[in-house]
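Quick look at start_32.cif (mmCIF, C-alpha atoms and all ligand atoms):
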data_data
loop_
_atom_site.label_atom_id
_atom_site.label_comp_id
_atom_site.auth_asym_id
_atom_site.auth_seq_id
_atom_site.Cartn_x
_atom_site.Cartn_y
_atom_site.Cartn_z
CA MET A 27 0.00 0.00 0.00
CA LEU A 28 2.84 2.40 0.82
CA CYS A 29 4.37 1.66 -2.58
CA VAL A 30 1.13 2.69 -4.28
CA VAL A 31 0.81 5.92 -2.28
CA PHE A 32 4.45 7.09 -2.11
CA GLY A 33 6.14 5.20 -4.93
CA PRO A 34 8.18 2.00 -4.87
CA TRP A 35 11.39 3.25 -3.25
CA VAL A 36 9.78 5.26 -0.43
CA GLY A 37 7.32 2.43 0.17
CA LEU A 38 10.13 -0.13 0.29
CA LEU A 39 12.18 2.08 2.63
CA ALA A 40 9.16 2.56 4.92
CA ALA A 41 8.57 -1.21 4.99
CA VAL A 42 12.23 -1.89 5.88
CA VAL A 43 12.27 0.79 8.63
CA HIS A 44 9.00 -0.54 10.06
CA THR A 45 10.26 -4.14 10.07
CA VAL A 46 13.61 -3.28 11.68
CA ALA A 47 11.95 -1.06 14.33
CA TYR A 48 9.39 -3.78 15.12
CA LEU A 49 12.06 -6.45 15.54
CA GLN A 50 14.37 -4.22 17.60
CA LEU A 51 11.61 -3.04 19.96
CA ASN A 52 10.39 -6.63 20.37
CA ALA A 53 13.94 -7.69 21.23
CA ALA A 54 14.25 -4.75 23.63
CA VAL A 55 11.14 -5.82 25.51
CA ASN A 56 12.34 -9.41 25.78
CA ALA A 57 15.88 -8.44 26.83
CA ILE A 58 15.56 -5.24 28.88
CA ALA A 59 12.14 -5.94 30.42
CA HIS A 60 13.38 -9.22 31.84
CA THR A 61 16.40 -7.59 33.51
CA PHE A 62 15.80 -4.02 34.70
CA GLY A 63 12.81 -2.37 36.31
CA ARG A 64 10.06 -2.87 38.86
CA GLN A 65 8.45 -6.23 39.66
CA PRO A 66 5.04 -5.58 41.20
CA TYR A 67 3.99 -9.18 40.46
CA ASP A 68 5.95 -12.34 41.26
CA ASN A 69 7.24 -13.38 37.84
CA GLY A 70 10.49 -13.09 35.85
CA ALA A 71 9.62 -9.92 33.93
CA THR A 72 9.93 -6.24 34.85
CA ASN A 73 8.04 -3.00 34.22
CA LEU A 74 9.77 -0.06 32.54
CA GLN A 75 7.50 2.90 31.85
CA TRP A 76 9.94 4.56 29.40
CA LEU A 77 9.98 1.34 27.34
CA ALA A 78 6.18 1.18 27.55
CA TRP A 79 5.95 4.61 25.92
CA ILE A 80 7.86 3.46 22.82
CA THR A 81 6.38 -0.08 22.63
CA SER A 82 2.68 0.75 23.06
CA GLY A 83 2.59 -0.58 26.60
CA GLU A 84 4.64 -3.77 26.18
CA GLY A 85 7.34 -2.26 28.42
CA LEU A 86 4.95 -3.01 31.30
CA HIS A 87 6.09 -6.58 30.77
CA ASN A 88 5.74 -7.73 34.40
CA ASN A 89 2.06 -6.81 34.18
CA HIS A 90 1.82 -8.66 30.85
CA HIS A 91 3.22 -11.80 32.46
CA ALA A 92 0.77 -11.41 35.37
CA ALA A 93 -2.19 -11.04 32.98
CA PRO A 94 -1.17 -12.40 29.56
CA THR A 95 -4.67 -12.13 28.05
CA SER A 96 -5.34 -8.58 29.26
CA ALA A 97 -5.79 -5.88 26.61
CA LYS A 98 -4.88 -3.25 29.23
CA LEU A 99 -1.35 -3.41 30.66
CA ALA A 100 -1.34 -0.54 33.18
CA PHE A 101 -2.68 -1.74 36.54
CA GLY A 102 -0.99 0.38 39.17
CA PRO A 103 -0.63 4.05 40.01
CA GLY A 104 1.87 5.84 37.77
CA GLU A 105 1.65 3.17 35.05
CA VAL A 106 0.50 4.31 31.60
CA ASP A 107 -0.39 1.98 28.73
CA PRO A 108 -0.34 4.22 25.64
CA ALA A 109 -2.28 1.67 23.56
CA TRP A 110 -5.18 1.26 26.00
CA PRO A 111 -7.07 4.46 25.03
CA ALA A 112 -7.04 3.36 21.37
CA ILE A 113 -8.25 -0.15 22.29
CA ALA A 114 -10.94 1.27 24.58
CA GLY A 115 -12.06 3.61 21.80
CA LEU A 116 -12.31 0.73 19.33
CA ARG A 117 -14.32 -1.21 21.94
CA ARG A 118 -16.72 1.72 22.37
CA LEU A 119 -17.20 1.79 18.59
CA ARG A 120 -17.82 -1.99 18.71
CA LEU A 121 -14.81 -2.61 16.48
CA ALA A 122 -12.90 -4.59 19.14
CA THR A 123 -13.80 -7.12 21.80
CA VAL A 124 -11.94 -6.90 25.12
CA ARG A 125 -12.01 -10.12 27.09
CA SER A 126 -9.80 -9.11 29.99
CA THR A 127 -8.50 -5.84 31.46
CA GLY A 128 -6.39 -6.98 34.37
CA PRO A 129 -4.81 -9.78 36.35
CA ARG A 130 -6.89 -12.63 37.71
CA PRO A 131 -8.42 -11.89 41.13
CA HIS A 132 -6.01 -14.23 42.95
CA THR A 133 -2.93 -12.51 41.46
CA GLU A 134 -1.60 -10.19 44.14
CA ARG A 135 0.92 -7.43 43.71
CA VAL A 136 4.20 -8.10 45.53
CA GLU A 137 4.83 -4.36 45.99
CA ALA A 138 1.45 -3.93 47.67
CA ASP A 139 2.35 -6.71 50.12
CA ALA A 140 5.74 -5.15 50.81
CA ALA A 141 4.21 -1.72 51.46
CA ALA A 142 1.60 -3.08 53.88
ZN ZN B 1 8.47 -11.95 28.83
#

Could you write out this structure as structure tokens?
Ligand SMILES: [Zn+2]
Amino acid sequence: MLCVVFGPWVGLLAAVVHTVAYLQLNAAVNAIAHTFGRQPYDNGATNLQWLAWITSGEGLHNNHHAAPTSAKLAFGPGEVDPAWPAIAGLRRLRLATVRSTGPRPHTERVEADAAA
């Protein structure tokens, strides 16, 4: 589609840039968000808000591991999932179905236990 709109070379360049950025950000989530950051839930992943801003919320990877089927990845105060407003808007327009928006009821936050 980009080739039709912008011509073959710009379209090809845009496709290459998109592919490389997608792969690099995916690798960043799997490498960085399993090493550095907060762990509000008891699993091997971490939350990094700055990474969440550039990966549409996937930087909140500890939350993703706690609730792998959740469309919303921000559960605690100070956490922002940049993709959630778009998903919620699509749901309001009946263009998306959201099955889960958080961790299962028995999943407790480790940080909440530590603060109590
Ligand atoms: Zn992971």

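Separating atom CA of Ile58 of chain A from atom CA of Glu134 of chain A is a distance of 23.5 Å.
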
Exercise for review: Extract, using all atoms listed in the file, all DNA, RNA and protein residues at most 9 Å from segment 97-100 of chain A, discarding same-chain residues fewer than 2 positions from it, and format them as a PyMOL selection string.
Suggested key: chain A and resi 83-84+86-87+89-90+93-95+102-110+113-114+124-128

Distance table requested - chain A against ligand ZN 1 (chain B), cut-off 8 Å, all atoms listed in the file: one row per qualifying residue with the closest atom pair and its distance in Å to one decimal, ordered by chain and rising residue number, as JSON lines.
{"residue": "A:Val55", "atom": "CA", "partner": "B:ZN1", "partner_atom": "ZN", "distance": 7.5}
{"residue": "A:Asn56", "atom": "CA", "partner": "B:ZN1", "partner_atom": "ZN", "distance": 5.5}
{"residue": "A:Ala59", "atom": "CA", "partner": "B:ZN1", "partner_atom": "ZN", "distance": 7.2}
{"residue": "A:His60", "atom": "CA", "partner": "B:ZN1", "partner_atom": "ZN", "distance": 6.4}
{"residue": "A:Gly70", "atom": "CA", "partner": "B:ZN1", "partner_atom": "ZN", "distance": 7.4}
{"residue": "A:Ala71", "atom": "CA", "partner": "B:ZN1", "partner_atom": "ZN", "distance": 5.6}
{"residue": "A:His87", "atom": "CA", "partner": "B:ZN1", "partner_atom": "ZN", "distance": 6.2}
{"residue": "A:Asn88", "atom": "CA", "partner": "B:ZN1", "partner_atom": "ZN", "distance": 7.5}
{"residue": "A:His90", "atom": "CA", "partner": "B:ZN1", "partner_atom": "ZN", "distance": 7.7}
{"residue": "A:His91", "atom": "CA", "partner": "B:ZN1", "partner_atom": "ZN", "distance": 6.4}

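Atom CA of Pro66 of chain A to atom CA of Phe101 of chain A spans 9.8 Å [interatomic distance, one decimal].
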
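Atom pair atom CA of Asn69 of chain A / atom CA of Ala54 of chain A has a distance of 18.0 Å (rounded to one decimal).
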
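If only C-alpha atoms are the atoms counted, then among A:Ile80, A:Tyr67, A:Thr72, A:Gly33 the closest residue to Pro129 of chain A is A:Tyr67.
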
**Study point:** Residues within 6 Å of Gly85 of chain A, only C-alpha atoms, excluding chain neighbours under 6 positions, as a PyMOL selection string
**Key:** chain A and resi 55+73-74+77-78

File dump, residues just selected, C-alpha atoms, as a PDB file, keeping the file's coordinate frame:
ATOM      1  CA  VAL A  55      11.140  -5.820  25.510  1.00  0.00           C
ATOM      2  CA  ASN A  73       8.040  -3.000  34.220  1.00  0.00           C
ATOM      3  CA  LEU A  74       9.770  -0.060  32.540  1.00  0.00           C
ATOM      4  CA  LEU A  77       9.980   1.340  27.340  1.00  0.00           C
ATOM      5  CA  ALA A  78       6.180   1.180  27.550  1.00  0.00           C
TER       6      ALA A  78
END
